[in-house]
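Enquirer: Okay, so here is entry21.csv, and as you'll see once you scroll down, it has CSV, C-alpha atoms.
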chain,number,residue,atom,x,y,z
A,1,MET,CA,-182.4,34.9,11.1
A,2,ILE,CA,-182.4,31.3,12.3
A,3,LEU,CA,-185.9,30.7,10.9
A,4,ALA,CA,-184.7,31.8,7.5
A,5,ILE,CA,-182.1,29.0,7.3
A,6,HIS,CA,-182.8,26.2,4.9
A,7,TRP,CA,-182.3,23.0,6.8
A,8,SER,CA,-181.0,21.1,3.8
A,9,HIS,CA,-178.0,23.4,4.2
A,10,ALA,CA,-178.0,23.9,8.0
A,11,ALA,CA,-178.2,20.3,9.2
A,12,PRO,CA,-175.2,19.0,7.1
A,13,ALA,CA,-173.3,22.2,7.7
A,14,MET,CA,-173.6,21.9,11.5
A,15,THR,CA,-172.8,18.2,11.3
A,16,ALA,CA,-169.7,18.9,9.2
A,17,ALA,CA,-168.5,21.7,11.5
A,18,PHE,CA,-169.1,19.7,14.7
A,19,LEU,CA,-167.4,16.5,13.4
A,20,ALA,CA,-164.5,18.2,11.8
A,21,SER,CA,-163.9,20.4,14.9
A,22,LEU,CA,-164.1,17.3,17.1
A,23,VAL,CA,-161.4,15.5,15.1
A,24,GLU,CA,-159.1,18.6,15.0
A,25,PHE,CA,-159.5,19.4,18.7
A,26,VAL,CA,-158.9,15.8,19.7
A,27,GLU,CA,-155.5,16.0,17.8
A,28,ALA,CA,-154.7,19.3,19.5
A,29,LEU,CA,-155.7,17.9,22.9
A,30,THR,CA,-153.2,15.0,22.5
A,31,VAL,CA,-150.3,17.4,22.1
A,32,VAL,CA,-151.4,19.9,24.8
A,33,LEU,CA,-151.7,16.9,27.2
A,34,ALA,CA,-148.2,15.8,26.3
A,35,VAL,CA,-146.7,19.3,26.7
A,36,GLY,CA,-148.5,20.0,30.0
A,37,GLY,CA,-147.6,16.6,31.4
A,38,VAL,CA,-143.9,17.0,30.7
A,39,ARG,CA,-143.2,20.8,31.0
A,40,GLY,CA,-146.0,22.0,33.2
A,41,TRP,CA,-149.6,23.2,32.7
A,42,ARG,CA,-149.0,27.0,32.9
A,43,GLY,CA,-147.1,27.3,29.6
A,44,ALA,CA,-149.3,24.6,27.8
A,45,LEU,CA,-152.6,26.1,28.8
A,46,THR,CA,-151.5,29.7,28.1
A,47,GLY,CA,-150.3,28.7,24.6
A,48,ALA,CA,-153.6,26.9,23.9
A,49,ALA,CA,-155.6,29.8,25.1
A,50,ALA,CA,-153.6,32.3,23.1
A,51,ALA,CA,-154.1,30.2,20.0
A,52,LEU,CA,-157.9,30.0,20.6
A,53,GLY,CA,-157.8,33.8,20.8
A,54,VAL,CA,-156.1,34.0,17.5
A,55,LEU,CA,-158.5,31.6,15.9
A,56,LEU,CA,-161.5,33.6,17.2
A,57,ALA,CA,-160.0,36.8,15.8
A,58,LEU,CA,-159.6,35.1,12.4
A,59,VAL,CA,-163.3,34.2,12.4
A,60,ALA,CA,-164.3,37.7,13.6
A,61,VAL,CA,-162.3,39.3,10.8
A,62,PHE,CA,-162.7,37.0,7.8
A,63,GLY,CA,-166.3,35.9,8.5
A,64,PRO,CA,-168.0,39.3,8.2
A,65,ALA,CA,-165.6,40.3,5.4
A,66,LEU,CA,-166.6,37.3,3.2
A,67,ALA,CA,-170.2,37.9,4.0
A,68,LEU,CA,-169.9,41.3,2.4
A,69,ALA,CA,-168.8,39.8,-0.9
A,70,PRO,CA,-171.4,39.1,-3.6
A,71,LEU,CA,-172.9,35.7,-2.9
A,72,ALA,CA,-172.1,34.3,-6.3
A,73,TRP,CA,-168.4,35.2,-6.0
A,74,ALA,CA,-168.2,34.0,-2.4
A,75,ARG,CA,-169.7,30.7,-3.4
A,76,LEU,CA,-167.3,30.3,-6.3
A,77,ALA,CA,-164.3,31.0,-4.2
A,78,VAL,CA,-165.5,29.1,-1.1
A,79,GLY,CA,-166.8,26.2,-3.3
A,80,THR,CA,-163.4,25.8,-4.9
A,81,LEU,CA,-161.5,25.8,-1.6
A,82,LEU,CA,-164.1,23.5,0.1
A,83,LEU,CA,-163.7,21.0,-2.8
A,84,LEU,CA,-159.9,21.1,-2.5
A,85,PHE,CA,-160.1,20.7,1.3
A,86,GLY,CA,-163.0,18.2,1.4
A,87,MET,CA,-161.7,15.9,-1.4
A,88,ARG,CA,-158.2,15.9,0.2
A,89,TRP,CA,-159.7,14.7,3.5
A,90,LEU,CA,-162.0,12.2,1.7
A,91,ARG,CA,-159.1,10.8,-0.3
A,92,LYS,CA,-157.0,10.3,2.8
A,93,ALA,CA,-159.9,8.7,4.7
A,94,ILE,CA,-160.5,6.3,1.8
A,95,LEU,CA,-156.8,5.3,1.8
A,96,ARG,CA,-156.8,4.8,5.5
A,97,SER,CA,-160.0,2.8,5.5
A,98,ALA,CA,-158.6,0.6,2.7
A,99,GLY,CA,-155.4,0.0,4.7
A,100,VAL,CA,-153.2,1.7,2.2
A,101,ILE,CA,-151.9,4.2,4.7
A,102,PRO,CA,-151.9,3.8,8.5
A,103,LEU,CA,-154.7,5.1,10.7
A,104,HIS,CA,-153.9,8.1,12.9
A,105,ASP,CA,-152.9,6.8,16.3
A,106,GLU,CA,-153.4,9.3,19.2
A,107,GLU,CA,-151.5,7.1,21.7
A,108,SER,CA,-148.5,7.0,19.4
A,109,ALA,CA,-148.8,10.8,18.8
A,110,PHE,CA,-148.9,11.4,22.5
A,111,ALA,CA,-145.8,9.2,23.1
A,112,THR,CA,-143.9,11.0,20.3
A,113,GLU,CA,-144.7,14.5,21.6
A,114,THR,CA,-143.9,13.5,25.1
A,115,GLU,CA,-140.5,12.4,24.0
A,116,VAL,CA,-139.9,15.6,22.0
A,117,MET,CA,-140.8,17.7,25.0
A,118,ARG,CA,-138.5,15.7,27.3
A,119,LYS,CA,-135.6,16.2,24.8
A,120,ALA,CA,-136.4,20.0,24.5
A,121,GLY,CA,-134.3,20.8,27.6
A,122,ALA,CA,-134.8,21.2,31.3
A,123,VAL,CA,-137.9,23.0,32.6
A,124,GLY,CA,-136.8,26.3,34.3
A,125,ARG,CA,-138.5,28.1,37.1
A,126,GLY,CA,-140.0,30.9,35.0
A,127,PHE,CA,-142.5,30.9,32.2
A,128,ASP,CA,-141.8,27.9,29.9
A,129,HIS,CA,-141.6,29.4,26.4
A,130,ILE,CA,-141.1,25.9,24.8
A,131,ALA,CA,-144.4,24.7,26.3
A,132,PHE,CA,-146.2,27.9,25.2
A,133,ALA,CA,-144.9,27.6,21.6
A,134,ALA,CA,-145.6,23.9,21.3
A,135,ALA,CA,-149.2,24.2,22.6
A,136,PHE,CA,-149.8,27.5,20.6
A,137,LYS,CA,-148.5,25.9,17.3
A,138,ILE,CA,-150.6,22.7,17.5
A,139,THR,CA,-153.8,24.5,18.5
A,140,VAL,CA,-153.4,27.1,15.7
A,141,LEU,CA,-152.5,24.4,13.1
A,142,GLU,CA,-155.5,22.2,14.0
A,143,GLY,CA,-157.8,25.1,14.6
A,144,VAL,CA,-157.1,26.8,11.3
A,145,GLU,CA,-158.9,24.0,9.6
A,146,VAL,CA,-161.9,24.5,11.9
A,147,VAL,CA,-161.8,28.3,11.2
A,148,PHE,CA,-161.8,27.6,7.5
A,149,ILE,CA,-164.8,25.3,7.7
A,150,VAL,CA,-166.8,27.7,9.8
A,151,ILE,CA,-166.0,30.7,7.6
A,152,ALA,CA,-166.5,28.7,4.3
A,153,VAL,CA,-169.8,27.3,5.5
A,154,GLY,CA,-170.9,30.7,6.7
A,155,ALA,CA,-169.9,32.4,3.4
A,156,GLY,CA,-171.5,29.8,1.2
A,157,GLY,CA,-175.0,29.8,2.7
A,158,VAL,CA,-177.0,32.7,4.1
A,159,GLY,CA,-177.3,32.6,7.9
A,160,LEU,CA,-175.0,29.5,8.3
A,161,MET,CA,-172.1,31.2,10.0
A,162,VAL,CA,-173.7,31.2,13.5
A,163,PRO,CA,-174.9,27.6,13.4
A,164,ALA,CA,-171.5,26.4,12.1
A,165,ALA,CA,-169.7,28.4,14.8
A,166,ILE,CA,-172.0,27.1,17.5
A,167,ALA,CA,-171.3,23.5,16.3
A,168,ALA,CA,-167.5,24.1,16.4
A,169,LEU,CA,-167.7,25.6,19.8
A,170,GLY,CA,-169.8,22.6,21.0
A,171,ALA,CA,-167.0,20.3,19.7
A,172,LEU,CA,-164.4,22.3,21.5
A,173,LEU,CA,-166.3,22.2,24.8
A,174,THR,CA,-166.9,18.5,24.4
A,175,VAL,CA,-163.2,17.8,23.9
A,176,VAL,CA,-162.1,20.0,26.7
A,177,ALA,CA,-164.7,18.3,29.1
A,178,LEU,CA,-163.5,14.9,28.0
A,179,GLY,CA,-159.9,15.9,28.4
A,180,LEU,CA,-160.5,17.1,31.9
A,181,VAL,CA,-162.3,13.9,32.8
A,182,VAL,CA,-160.0,11.3,31.3
A,183,HIS,CA,-156.8,13.2,31.3
A,184,ARG,CA,-155.5,11.1,28.5
A,185,PRO,CA,-155.5,11.2,24.6
A,186,LEU,CA,-158.9,10.5,23.3
A,187,ALA,CA,-157.7,7.4,21.4
A,188,ARG,CA,-161.2,5.8,21.1
A,189,VAL,CA,-162.7,8.5,19.0
A,190,PRO,CA,-163.2,7.0,15.5
A,191,GLU,CA,-161.2,9.7,13.8
A,192,ASN,CA,-161.1,8.2,10.3
A,193,THR,CA,-164.8,7.5,10.2
A,194,LEU,CA,-165.5,11.1,11.2
A,195,LYS,CA,-163.0,12.4,8.6
A,196,PHE,CA,-164.7,10.2,6.0
A,197,ILE,CA,-168.1,11.6,6.8
A,198,VAL,CA,-166.8,15.2,6.9
A,199,GLY,CA,-165.0,14.7,3.7
A,200,VAL,CA,-168.2,13.6,2.0
A,201,LEU,CA,-170.2,16.5,3.4
A,202,LEU,CA,-167.6,19.2,2.5
A,203,THR,CA,-167.2,17.7,-1.0
A,204,ALA,CA,-171.0,17.8,-1.5
A,205,PHE,CA,-171.2,21.4,-0.2
A,206,GLY,CA,-168.2,22.5,-2.3
A,207,SER,CA,-169.7,21.0,-5.5
A,208,PHE,CA,-173.1,22.6,-4.8
A,209,TRP,CA,-171.9,26.1,-4.1
A,210,LEU,CA,-169.3,26.0,-6.9
A,211,GLY,CA,-172.0,24.8,-9.3
A,212,GLU,CA,-174.2,27.7,-8.2
A,213,GLY,CA,-171.3,30.1,-8.8
A,214,ILE,CA,-170.7,28.9,-12.3
A,215,GLY,CA,-174.3,28.8,-13.3
A,216,VAL,CA,-175.3,25.1,-12.9
A,217,ALA,CA,-179.1,24.6,-12.7
A,218,TRP,CA,-179.4,22.0,-9.9
A,219,PRO,CA,-182.5,19.8,-10.1
A,220,GLY,CA,-184.5,20.2,-6.9
A,221,GLU,CA,-182.4,23.3,-6.1
A,222,ASP,CA,-181.2,23.2,-2.5
A,223,TRP,CA,-182.3,19.6,-2.0
A,224,SER,CA,-179.6,18.5,-4.5
A,225,ILE,CA,-177.2,18.8,-1.7
A,226,LEU,CA,-178.7,15.6,-0.1
A,227,GLY,CA,-178.3,13.9,-3.5
A,228,LEU,CA,-174.7,14.9,-3.8
A,229,ILE,CA,-174.0,13.7,-0.2
A,230,ALA,CA,-175.5,10.3,-1.1
A,231,GLY,CA,-173.7,10.2,-4.4
A,232,PHE,CA,-170.2,11.0,-3.0
A,233,MET,CA,-170.8,8.6,-0.1
A,234,ILE,CA,-171.6,5.7,-2.4
A,235,ALA,CA,-168.6,6.6,-4.7
A,236,ALA,CA,-166.3,6.8,-1.6
A,237,LEU,CA,-167.4,3.5,-0.1
A,238,ALA,CA,-167.0,1.8,-3.4
A,239,CYS,CA,-163.6,3.4,-3.8
A,240,VAL,CA,-162.5,1.9,-0.4
A,241,GLN,CA,-163.2,-1.6,-1.7
A,242,VAL,CA,-161.4,-1.0,-5.0
A,243,CYS,CA,-158.4,0.5,-3.2
A,244,ALA,CA,-158.3,-2.4,-0.7
A,245,ARG,CA,-158.2,-4.9,-3.6
A,246,SER,CA,-155.6,-2.9,-5.5
A,247,ALA,CA,-153.4,-2.8,-2.4
A,248,GLY,CA,-154.1,-6.5,-1.5
A,249,HIS,CA,-156.1,-5.7,1.8
A,250,LYS,CA,-159.6,-6.3,3.0
A,251,GLY,CA,-161.2,-2.8,3.3
A,252,ALA,CA,-163.4,-1.6,6.1
A,253,VAL,CA,-164.2,1.9,7.3
A,254,ALA,CA,-162.5,2.3,10.7
B,1,MET,CA,-140.6,33.8,12.5
B,2,LYS,CA,-140.0,30.0,11.9
B,3,LEU,CA,-143.3,29.3,13.8
B,4,ILE,CA,-145.2,31.8,11.6
B,5,ASN,CA,-143.7,30.2,8.4
B,6,THR,CA,-144.6,26.8,9.6
B,7,ILE,CA,-148.2,27.9,10.2
B,8,ILE,CA,-148.5,29.5,6.8
B,9,ALA,CA,-147.0,26.4,5.0
B,10,GLU,CA,-149.5,24.2,6.9
B,11,ALA,CA,-152.3,26.5,6.1
B,12,ILE,CA,-151.6,26.1,2.4
B,13,ALA,CA,-151.2,22.3,2.8
B,14,ILE,CA,-154.8,22.0,4.1
B,15,PHE,CA,-155.9,22.6,0.5
B,16,ILE,CA,-153.1,21.1,-1.5
B,17,ASP,CA,-150.9,18.1,-0.5
B,18,ASP,CA,-151.0,16.3,-3.9
B,19,GLY,CA,-150.4,18.8,-6.7
B,20,ALA,CA,-151.7,16.5,-9.5
B,21,PHE,CA,-154.9,15.8,-7.5
B,22,ALA,CA,-155.6,19.5,-6.9
B,23,LEU,CA,-154.8,20.3,-10.5
B,24,ALA,CA,-157.2,17.7,-11.8
B,25,ILE,CA,-160.0,19.1,-9.5
B,26,VAL,CA,-159.4,22.6,-10.8
B,27,ALA,CA,-159.3,21.4,-14.5
B,28,CYS,CA,-162.6,19.6,-13.9
B,29,LEU,CA,-164.2,22.8,-12.5
B,30,LEU,CA,-162.9,24.9,-15.5
B,31,LEU,CA,-164.3,22.3,-18.0
B,32,VAL,CA,-167.7,22.3,-16.4
B,33,ALA,CA,-167.7,26.1,-16.2
B,34,ALA,CA,-166.9,26.2,-19.9
B,35,LEU,CA,-169.6,23.7,-20.7
B,36,VAL,CA,-172.3,25.6,-18.8
B,37,ARG,CA,-171.1,29.0,-20.2
B,38,PHE,CA,-170.7,28.1,-23.9
B,39,VAL,CA,-172.9,25.1,-24.7
B,40,PRO,CA,-176.6,26.2,-25.1
B,41,ASP,CA,-179.0,24.6,-22.6
B,42,ALA,CA,-176.2,22.7,-20.8
B,43,ALA,CA,-176.9,24.3,-17.3
B,44,PRO,CA,-179.1,21.3,-16.1
B,45,LEU,CA,-176.4,18.9,-17.2
B,46,GLY,CA,-173.6,20.8,-15.5
B,47,GLY,CA,-174.4,19.3,-12.0
B,48,LEU,CA,-174.2,15.8,-13.3
B,49,ALA,CA,-171.0,16.5,-15.2
B,50,LEU,CA,-169.5,18.1,-12.1
B,51,PHE,CA,-170.4,15.1,-9.9
B,52,ILE,CA,-169.1,12.5,-12.4
B,53,GLY,CA,-165.9,14.4,-13.0
B,54,LEU,CA,-165.1,14.9,-9.3
B,55,ALA,CA,-166.1,11.3,-8.3
B,56,GLY,CA,-163.9,10.0,-11.2
B,57,ILE,CA,-160.9,12.1,-10.1
B,58,LEU,CA,-161.3,10.9,-6.5
B,59,VAL,CA,-161.6,7.2,-7.4
B,60,GLU,CA,-158.7,7.4,-10.0
B,61,SER,CA,-156.4,9.3,-7.6
B,62,ALA,CA,-157.0,7.0,-4.6
B,63,THR,CA,-156.8,3.8,-6.7
B,64,ARG,CA,-153.5,5.0,-8.3
B,65,ARG,CA,-152.1,5.6,-4.8
B,66,ALA,CA,-153.2,2.2,-3.7
B,67,ARG,CA,-151.6,0.5,-6.6
B,68,LYS,CA,-148.3,2.2,-5.9
B,69,THR,CA,-148.4,0.8,-2.3
B,70,ARG,CA,-148.8,-2.7,-3.7
B,71,TRP,CA,-145.9,-2.6,-6.2
Would you encode the structure as structure tokens?
Expert:
Amino acid sequence: MILAIHWSHAAPAMTAAFLASLVEFVEALTVVLAVGGVRGWRGALTGAAAALGVLLALVAVFGPALALAPLAWARLAVGTLLLLFGMRWLRKAILRSAGVIPLHDEESAFATETEVMRKAGAVGRGFDHIAFAAAFKITVLEGVEVVFIVIAVGAGGVGLMVPAAIAALGALLTVVALGLVVHRPLARVPENTLKFIVGVLLTAFGSFWLGEGIGVAWPGEDWSILGLIAGFMIAALACVQVCARSAGHKGAVA
Amino acid sequence: MKLINTIIAEAIAIFIDDGAFALAIVACLLLVAALVRFVPDAAPLGGLALFIGLAGILVESATRRARKTRW
């Protein structure tokens, strides 16, 4: 099956899944570290583990179900959702790069969550349900986006589900390993640059698959994806400069 | 229950956080679909129309948001 994968699809799909997962798991790690540090690790880690179980179940249920749908319909549905998702990410990354909205700050998020956990009441002797719920919620919320990307990428291209899932799992293991080593929020990960790249990749994928679904004849067929990636990257970088000027800042992708 | 409602609301928000932006994207898709479906020999132009439409929506929406910040 792996040999049948077209690498013009697989390479950008794996890159998108890995980078998007990295960003989401870094954000989840920040909150889990804050929860564990204040309220204890048992509730925090149990909540995060339970959430990962839910996310795996979602992939296991929806992945094969979408793969059973006719490819044209799957691409139409998945292409539309990928476009809405990818363009939303890309727009936000452009605005952050242009200085219109502030960059996401992991240290600040960690401090905020730590304060929230401290105010949530005293830690009892038994199982801490507050820690469980907080860790469960953040891991599910951040992980749902990863699940969507893996399922969407898998449904849009034949044989892409496994490479996308492997890439997402690789990102999870990377973040967990880094979290165990540094034991602090991963504030030095260039989140906005990663979101910018992922936004471009998903917008290009969404455009291509949706186009296939509505009957567009792409020049160069599958290789058009690379043209779309280049086109959306150029448009997005130009947009950063325009937005920075409009808002009165100097723009730079951070 | 509150936790589940929050998760569902957030799951919807991963696709739509600016209604006008999402609506413009869907309108562009429908226009290109109509072009490809009803205009003879338009299928090769559909890809270009889709790219120009979506890139235009992205640039217009982000620029409009940036202008709001300034004023």
Enquirer: Given all atoms listed in the file, how would the per-residue table for chain A near chain B read, listing every residue at most 8 Å away with its closest atom pair and distance in Å to one decimal, sorted by chain and number, as a Markdown table?
Expert:
| residue | atom | partner | partner_atom | distance |
| --- | --- | --- | --- | --- |
| A:Thr80 | CA | B:Val26 | CA | 7.8 |
| A:Leu81 | CA | B:Phe15 | CA | 6.8 |
| A:Leu83 | CA | B:Ile25 | CA | 7.9 |
| A:Leu84 | CA | B:Phe15 | CA | 5.2 |
| A:Phe85 | CA | B:Phe15 | CA | 4.7 |
| A:Met87 | CA | B:Leu58 | CA | 7.2 |
| A:Arg88 | CA | B:Phe15 | CA | 7.1 |
| A:Arg91 | CA | B:Ala62 | CA | 6.1 |
| A:Ile94 | CA | B:Ala62 | CA | 7.3 |
| A:Leu95 | CA | B:Ala62 | CA | 6.6 |
| A:Val100 | CA | B:Ala66 | CA | 5.9 |
| A:Lys137 | CA | B:Leu3 | CA | 7.1 |
| A:Val140 | CA | B:Ile7 | CA | 7.6 |
| A:Leu141 | CA | B:Ile7 | CA | 6.3 |
| A:Val144 | CA | B:Ala11 | CA | 7.1 |
| A:Glu145 | CA | B:Ile14 | CA | 7.1 |
| A:Ser207 | CA | B:Leu50 | CA | 7.2 |
| A:Gly211 | CA | B:Gly47 | CA | 6.6 |
| A:Ile214 | CA | B:Ala33 | CA | 5.7 |
| A:Gly215 | CA | B:Ala43 | CA | 6.6 |
| A:Val216 | CA | B:Ala43 | CA | 4.7 |
| A:Ala217 | CA | B:Pro44 | CA | 4.7 |
| A:Trp218 | CA | B:Gly47 | CA | 6.1 |
| A:Pro219 | CA | B:Pro44 | CA | 7.1 |
| A:Leu228 | CA | B:Phe51 | CA | 7.5 |
| A:Phe232 | CA | B:Ala55 | CA | 6.7 |
| A:Ala235 | CA | B:Ala55 | CA | 6.4 |
| A:Ala236 | CA | B:Val59 | CA | 7.5 |
| A:Cys239 | CA | B:Val59 | CA | 5.6 |
| A:Val242 | CA | B:Thr63 | CA | 6.9 |
| A:Cys243 | CA | B:Thr63 | CA | 5.1 |
| A:Ala244 | CA | B:Ala66 | CA | 7.5 |
| A:Ser246 | CA | B:Arg67 | CA | 5.4 |
| A:Ala247 | CA | B:Arg70 | CA | 4.8 |
| A:Gly248 | CA | B:Arg70 | CA | 6.9 |
Enquirer: Would you output that residue set with C-alpha atoms, as a PDB file, keeping the file's coordinate frame?
Expert:
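Written out: selection-v5.pdb:
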ATOM      1  CA  THR A  80    -163.400  25.800  -4.900  1.00  0.00           C
ATOM      2  CA  LEU A  81    -161.500  25.800  -1.600  1.00  0.00           C
ATOM      3  CA  LEU A  83    -163.700  21.000  -2.800  1.00  0.00           C
ATOM      4  CA  LEU A  84    -159.900  21.100  -2.500  1.00  0.00           C
ATOM      5  CA  PHE A  85    -160.100  20.700   1.300  1.00  0.00           C
ATOM      6  CA  MET A  87    -161.700  15.900  -1.400  1.00  0.00           C
ATOM      7  CA  ARG A  88    -158.200  15.900   0.200  1.00  0.00           C
ATOM      8  CA  ARG A  91    -159.100  10.800  -0.300  1.00  0.00           C
ATOM      9  CA  ILE A  94    -160.500   6.300   1.800  1.00  0.00           C
ATOM     10  CA  LEU A  95    -156.800   5.300   1.800  1.00  0.00           C
ATOM     11  CA  VAL A 100    -153.200   1.700   2.200  1.00  0.00           C
ATOM     12  CA  LYS A 137    -148.500  25.900  17.300  1.00  0.00           C
ATOM     13  CA  VAL A 140    -153.400  27.100  15.700  1.00  0.00           C
ATOM     14  CA  LEU A 141    -152.500  24.400  13.100  1.00  0.00           C
ATOM     15  CA  VAL A 144    -157.100  26.800  11.300  1.00  0.00           C
ATOM     16  CA  GLU A 145    -158.900  24.000   9.600  1.00  0.00           C
ATOM     17  CA  SER A 207    -169.700  21.000  -5.500  1.00  0.00           C
ATOM     18  CA  GLY A 211    -172.000  24.800  -9.300  1.00  0.00           C
ATOM     19  CA  ILE A 214    -170.700  28.900 -12.300  1.00  0.00           C
ATOM     20  CA  GLY A 215    -174.300  28.800 -13.300  1.00  0.00           C
ATOM     21  CA  VAL A 216    -175.300  25.100 -12.900  1.00  0.00           C
ATOM     22  CA  ALA A 217    -179.100  24.600 -12.700  1.00  0.00           C
ATOM     23  CA  TRP A 218    -179.400  22.000  -9.900  1.00  0.00           C
ATOM     24  CA  PRO A 219    -182.500  19.800 -10.100  1.00  0.00           C
ATOM     25  CA  LEU A 228    -174.700  14.900  -3.800  1.00  0.00           C
ATOM     26  CA  PHE A 232    -170.200  11.000  -3.000  1.00  0.00           C
ATOM     27  CA  ALA A 235    -168.600   6.600  -4.700  1.00  0.00           C
ATOM     28  CA  ALA A 236    -166.300   6.800  -1.600  1.00  0.00           C
ATOM     29  CA  CYS A 239    -163.600   3.400  -3.800  1.00  0.00           C
ATOM     30  CA  VAL A 242    -161.400  -1.000  -5.000  1.00  0.00           C
ATOM     31  CA  CYS A 243    -158.400   0.500  -3.200  1.00  0.00           C
ATOM     32  CA  ALA A 244    -158.300  -2.400  -0.700  1.00  0.00           C
ATOM     33  CA  SER A 246    -155.600  -2.900  -5.500  1.00  0.00           C
ATOM     34  CA  ALA A 247    -153.400  -2.800  -2.400  1.00  0.00           C
ATOM     35  CA  GLY A 248    -154.100  -6.500  -1.500  1.00  0.00           C
TER      36      GLY A 248
END
Enquirer: Can you work out the spacing between atom CA of A:Leu55 and atom CA of A:Leu71 in Å, to one decimal?
Expert: 24.0 Å
Enquirer: List the spatial neighbours of A:Ala109 as an mmCIF file with C-alpha atoms, in the coordinates of the input - criterion: any atom at most 12 Å away, only C-alpha atoms, same-chain residues fewer than 4 positions off excluded.
Expert:
data_model
loop_
_atom_site.group_PDB
_atom_site.id
_atom_site.type_symbol
_atom_site.label_atom_id
_atom_site.label_comp_id
_atom_site.auth_asym_id
_atom_site.auth_seq_id
_atom_site.Cartn_x
_atom_site.Cartn_y
_atom_site.Cartn_z
ATOM 1 C CA VAL A 26 -158.900 15.800 19.700
ATOM 2 C CA GLU A 27 -155.500 16.000 17.800
ATOM 3 C CA ALA A 28 -154.700 19.300 19.500
ATOM 4 C CA LEU A 29 -155.700 17.900 22.900
ATOM 5 C CA THR A 30 -153.200 15.000 22.500
ATOM 6 C CA VAL A 31 -150.300 17.400 22.100
ATOM 7 C CA VAL A 32 -151.400 19.900 24.800
ATOM 8 C CA LEU A 33 -151.700 16.900 27.200
ATOM 9 C CA ALA A 34 -148.200 15.800 26.300
ATOM 10 C CA VAL A 35 -146.700 19.300 26.700
ATOM 11 C CA LEU A 103 -154.700 5.100 10.700
ATOM 12 C CA HIS A 104 -153.900 8.100 12.900
ATOM 13 C CA ASP A 105 -152.900 6.800 16.300
ATOM 14 C CA GLU A 113 -144.700 14.500 21.600
ATOM 15 C CA THR A 114 -143.900 13.500 25.100
ATOM 16 C CA GLU A 115 -140.500 12.400 24.000
ATOM 17 C CA VAL A 116 -139.900 15.600 22.000
ATOM 18 C CA ARG A 184 -155.500 11.100 28.500
ATOM 19 C CA PRO A 185 -155.500 11.200 24.600
ATOM 20 C CA LEU A 186 -158.900 10.500 23.300
ATOM 21 C CA ALA A 187 -157.700 7.400 21.400
#
Enquirer: Between atom CA of A:Ala133 and atom CA of A:Ala48, what is the distance, to one decimal in Å?
Expert: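 We find that atom CA of A:Ala133 and atom CA of A:Ala48 lie 9.0 Å from each other.
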Enquirer: Rounded to one decimal place, report the atom CA of A:Phe205-atom CA of A:Met161 distance in Å.
Expert: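 Between these atoms lies a distance of 14.2 Å.
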Enquirer: Rank nothing, just name the residue among A:Val200, A:Leu194, A:Leu66, A:Ala171 nearest to A:Gly227, using all atoms listed in the file.
Expert: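 That would be A:Val200, the residue with the smallest distance to A:Gly227.
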Enquirer: At a cut-off of 8 Å, using all atoms listed in the file, what residues contact stretch 41-44 of chain A? Leave out same-chain residues fewer than 4 positions from it and give the result as a PDB file with C-alpha atoms, keeping the file's coordinate frame.
Expert:
ATOM      1  CA  VAL A  32    -151.400  19.900  24.800  1.00  0.00           C
ATOM      2  CA  VAL A  35    -146.700  19.300  26.700  1.00  0.00           C
ATOM      3  CA  GLY A  36    -148.500  20.000  30.000  1.00  0.00           C
ATOM      4  CA  GLY A  37    -147.600  16.600  31.400  1.00  0.00           C
ATOM      5  CA  ALA A  48    -153.600  26.900  23.900  1.00  0.00           C
ATOM      6  CA  PHE A 127    -142.500  30.900  32.200  1.00  0.00           C
ATOM      7  CA  ASP A 128    -141.800  27.900  29.900  1.00  0.00           C
ATOM      8  CA  HIS A 129    -141.600  29.400  26.400  1.00  0.00           C
ATOM      9  CA  ILE A 130    -141.100  25.900  24.800  1.00  0.00           C
ATOM     10  CA  ALA A 131    -144.400  24.700  26.300  1.00  0.00           C
ATOM     11  CA  PHE A 132    -146.200  27.900  25.200  1.00  0.00           C
ATOM     12  CA  ALA A 134    -145.600  23.900  21.300  1.00  0.00           C
ATOM     13  CA  ALA A 135    -149.200  24.200  22.600  1.00  0.00           C
ATOM     14  CA  PHE A 136    -149.800  27.500  20.600  1.00  0.00           C
TER      15      PHE A 136
END
Enquirer: N, CA and C atoms are what I want for stretch 17-23 of chain B; can you complete it accordingly and write them as an mmCIF file, keeping the file's coordinate frame?
Expert:
data_model
loop_
_atom_site.group_PDB
_atom_site.id
_atom_site.type_symbol
_atom_site.label_atom_id
_atom_site.label_comp_id
_atom_site.auth_asym_id
_atom_site.auth_seq_id
_atom_site.Cartn_x
_atom_site.Cartn_y
_atom_site.Cartn_z
ATOM 1 N N ASP B 17 -152.058 18.906 -0.935
ATOM 2 C CA ASP B 17 -150.900 18.100 -0.500
ATOM 3 C C ASP B 17 -150.460 17.193 -1.689
ATOM 4 N N ASP B 18 -151.321 17.022 -2.692
ATOM 5 C CA ASP B 18 -151.000 16.300 -3.900
ATOM 6 C C ASP B 18 -151.276 17.210 -5.070
ATOM 7 N N GLY B 19 -150.220 17.746 -5.683
ATOM 8 C CA GLY B 19 -150.400 18.800 -6.700
ATOM 9 C C GLY B 19 -151.242 18.256 -7.895
ATOM 10 N N ALA B 20 -151.002 17.016 -8.343
ATOM 11 C CA ALA B 20 -151.700 16.500 -9.500
ATOM 12 C C ALA B 20 -153.223 16.341 -9.177
ATOM 13 N N PHE B 21 -153.532 15.926 -7.960
ATOM 14 C CA PHE B 21 -154.900 15.800 -7.500
ATOM 15 C C PHE B 21 -155.636 17.125 -7.529
ATOM 16 N N ALA B 22 -154.979 18.124 -6.941
ATOM 17 C CA ALA B 22 -155.600 19.500 -6.900
ATOM 18 C C ALA B 22 -155.743 20.045 -8.299
ATOM 19 N N LEU B 23 -154.734 19.812 -9.146
ATOM 20 C CA LEU B 23 -154.800 20.300 -10.500
ATOM 21 C C LEU B 23 -155.954 19.689 -11.298
#
